[in-house]
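One structure below.
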Amino acid sequence: MLKRFFDILISAVGLTLLSPVMIFLSVLVFFKLGWPIFFLQARPGLDERVFKIIKFRTMKNSCEISGCDDTDEHRLSRFGKILRATSLDELPELWNVLKGDMSIVGPRPLLVEYLALYNDEQKHRHDVKPGITGWAQVNGRNELCWHDKFKLDVWYVDHQSFWLDIKILLMTVIKVLVRDGISEQGQATAQKFKGNE
């Protein structure tokens, strides 16, 4: 109950105070990348229930790339890299939090296709709502291998508390300011999870 109240309070206040910033970013995305402004994608949440995550678009459409190369490296624009480095592309997810699909803090919502690849331990990351930020994000983010990310996600599920959430939020502010762990080494973002050995 306390966590949900905290989520509603932070997301409602955030959407209100940051609405001028989000309107400005919407205009920038439109002029830099065109339509659509937002990126929507199905992601599994609590108990593996699928919802639509909403973010600012950071990548060009495949057919805007020479030769229709749809790899992240070629689709991610310079403007998109700035949005990701500052985590501004994540701001619309406050709407997902307000709706109840996500929490401010929790394991990051990943691709639906990964559900079939998790082992029994990794599936526990869906015992809580996914978050805008989480324990894995403040302990390495995309610099971590998938095995370590999932270990940290499950550790959060087993140890979650209000004070741990506050700690993660404070650590998130520091990580955003120093732009730490934005992408995996040698990757535009991170390699896809291909299952366990």
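For the structure tokens, the naming scheme is as follows: chains receive sequential letters (A, B, ...) according to their order of presentation, residues are indexed from 1 within each chain, and ligands are indexed from 1 in presentation order.
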**OP:** Find the spatial neighbours of region 121-129 of chain A, counting only C-alpha atoms, within a cut-off of 6 Å - ignore same-chain residues fewer than 5 positions away - and output them as a list in words.
**Re:** Gly45, Leu46, Asp47, Glu48, Met102, Ser103, Phe150, Asp153 and Val154 of chain A
Output of the above residues as a compact mmCIF listing (two decimals), in the first residue's frame, restricted to all heavy atoms:
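Listed below is the output, again_34.txt:
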# COMPACT_ATOMS: atom_id res chain seq x y z
N GLY A 45 4.91 -7.49 -17.28
CA GLY A 45 4.99 -6.86 -15.98
C GLY A 45 4.75 -7.84 -14.85
O GLY A 45 5.20 -8.99 -14.90
N LEU A 46 4.04 -7.38 -13.81
CA LEU A 46 3.74 -8.22 -12.65
C LEU A 46 3.02 -9.49 -13.09
O LEU A 46 2.07 -9.43 -13.88
CB LEU A 46 2.87 -7.43 -11.66
CG LEU A 46 2.39 -8.17 -10.42
CD1 LEU A 46 3.56 -8.56 -9.53
CD2 LEU A 46 1.39 -7.30 -9.64
N ASP A 47 3.48 -10.65 -12.61
CA ASP A 47 2.90 -11.95 -12.94
C ASP A 47 2.90 -12.19 -14.46
O ASP A 47 2.04 -12.92 -14.97
CB ASP A 47 1.48 -12.07 -12.38
CG ASP A 47 1.46 -12.00 -10.86
OD1 ASP A 47 2.43 -12.47 -10.23
OD2 ASP A 47 0.48 -11.46 -10.31
N GLU A 48 3.85 -11.58 -15.15
CA GLU A 48 4.05 -11.74 -16.60
C GLU A 48 2.89 -11.19 -17.43
O GLU A 48 2.77 -11.51 -18.62
CB GLU A 48 4.32 -13.21 -16.94
CG GLU A 48 5.56 -13.77 -16.27
CD GLU A 48 5.89 -15.20 -16.67
OE1 GLU A 48 5.17 -15.77 -17.51
OE2 GLU A 48 6.87 -15.75 -16.13
N MET A 102 3.52 -0.13 -13.91
CA MET A 102 4.90 -0.12 -13.44
C MET A 102 4.99 0.54 -12.07
O MET A 102 4.01 1.13 -11.60
CB MET A 102 5.80 0.64 -14.43
CG MET A 102 5.97 -0.02 -15.78
SD MET A 102 6.98 0.97 -16.93
CE MET A 102 8.55 1.03 -16.05
N SER A 103 6.16 0.44 -11.48
CA SER A 103 6.47 1.14 -10.25
C SER A 103 7.64 2.07 -10.52
O SER A 103 8.28 1.97 -11.57
CB SER A 103 6.83 0.12 -9.16
OG SER A 103 7.10 0.77 -7.93
N PHE A 150 20.02 -10.35 -13.83
CA PHE A 150 18.91 -11.12 -13.27
C PHE A 150 19.14 -11.46 -11.81
O PHE A 150 18.20 -11.49 -11.01
CB PHE A 150 18.69 -12.39 -14.10
CG PHE A 150 18.22 -12.13 -15.50
CD1 PHE A 150 18.64 -12.94 -16.55
CD2 PHE A 150 17.36 -11.08 -15.79
CE1 PHE A 150 18.20 -12.70 -17.85
CE2 PHE A 150 16.92 -10.83 -17.07
CZ PHE A 150 17.34 -11.65 -18.11
N ASP A 153 18.16 -8.40 -9.97
CA ASP A 153 16.70 -8.24 -10.00
C ASP A 153 16.03 -9.13 -8.94
O ASP A 153 15.14 -8.69 -8.21
CB ASP A 153 16.15 -8.60 -11.38
CG ASP A 153 16.43 -7.54 -12.42
OD1 ASP A 153 16.74 -6.40 -12.04
OD2 ASP A 153 16.33 -7.85 -13.63
N VAL A 154 16.44 -10.40 -8.89
CA VAL A 154 15.86 -11.34 -7.95
C VAL A 154 16.23 -10.96 -6.52
O VAL A 154 15.41 -11.10 -5.60
CB VAL A 154 16.29 -12.79 -8.28
CG1 VAL A 154 15.81 -13.75 -7.20
CG2 VAL A 154 15.75 -13.21 -9.64
**OP:** Considering only C-alpha atoms, state which residue in the set A:Glu93, A:Asp7, A:Asp148, A:Asp101 is at the smallest distance from Ala136 (chain A).
**Re:**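 The shortest atom-to-atom distance to Ala136 (chain A) comes from A:Asp148.
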**OP:** Please measure the separation of CA of Phe193 (chain A) and CA of Val138 (chain A), giving the value in Å to one decimal.
**Re:** 19.6 Å
Original post:
With distances taken over only C-alpha atoms, which of A:Gly80, A:Gly195, A:Gly34, A:Pro92 is nearest to Met22 (chain A)?
Top reply: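 Answer, going by the shortest atom-to-atom distance: A:Pro92.
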**OP:** Point out the residue among A:Gln191, A:Val178, A:Phe56, A:Leu2 with the least atom-to-atom distance to Asp165 (chain A), counting only C-alpha atoms.
**Re:**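 For Asp165 (chain A), the nearest of the given residues is A:Leu2.
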Phe79 (chain A) environment, 9 Å, only C-alpha atoms, sequence neighbours closer than 5 positions dropped, as a short mmCIF file (atom, residue, chain, number, x, y, z; two decimals) with C-alpha atoms, in the first residue's frame:
data_model
loop_
_atom_site.label_atom_id
_atom_site.label_comp_id
_atom_site.auth_asym_id
_atom_site.auth_seq_id
_atom_site.Cartn_x
_atom_site.Cartn_y
_atom_site.Cartn_z
CA VAL A 29 11.58 14.42 -31.16
CA LYS A 32 14.56 15.39 -35.15
CA LEU A 33 12.96 12.00 -35.79
CA THR A 58 15.20 7.58 -29.89
CA MET A 59 15.68 5.55 -33.06
CA ARG A 84 19.25 7.91 -23.50
#
Tell me, as an mmCIF file with C-alpha atoms, in the first residue's frame, which residues lie within 12 Å of Ile82 (chain A), counting only C-alpha atoms; anything in the same chain fewer than 3 positions away does not count.
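Contents of result.cif, freshly written:
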data_model
loop_
_atom_site.group_PDB
_atom_site.id
_atom_site.type_symbol
_atom_site.label_atom_id
_atom_site.label_comp_id
_atom_site.auth_asym_id
_atom_site.auth_seq_id
_atom_site.Cartn_x
_atom_site.Cartn_y
_atom_site.Cartn_z
ATOM 1 C CA LEU A 25 11.012 17.111 -25.800
ATOM 2 C CA LEU A 28 12.285 18.095 -30.462
ATOM 3 C CA VAL A 29 11.578 14.424 -31.164
ATOM 4 C CA PHE A 56 10.230 8.970 -26.202
ATOM 5 C CA ARG A 57 11.408 7.597 -29.534
ATOM 6 C CA THR A 58 15.200 7.578 -29.888
ATOM 7 C CA MET A 59 15.682 5.550 -33.058
ATOM 8 C CA LEU A 76 20.028 5.092 -32.861
ATOM 9 C CA SER A 77 20.331 8.781 -33.767
ATOM 10 C CA ARG A 78 22.757 11.264 -32.235
ATOM 11 C CA PHE A 79 19.772 13.017 -30.665
ATOM 12 C CA ALA A 85 22.406 9.253 -21.845
ATOM 13 C CA THR A 86 20.308 11.661 -19.775
ATOM 14 C CA SER A 87 17.468 9.107 -19.309
ATOM 15 C CA LEU A 88 15.017 11.734 -20.607
ATOM 16 C CA ASP A 89 13.535 9.127 -22.945
ATOM 17 C CA VAL A 176 22.182 9.749 -14.390
ATOM 18 C CA ARG A 179 26.017 8.891 -17.230
ATOM 19 C CA ILE A 182 24.394 3.583 -20.507
#
**OP:** Could you check which of A:Tyr156, A:Leu144, A:Asn196, A:Pro36 is closest to Leu117 (chain A), using only C-alpha atoms?
**Re:**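 Among the listed residues, the smallest separation from Leu117 (chain A) belongs to A:Asn196.
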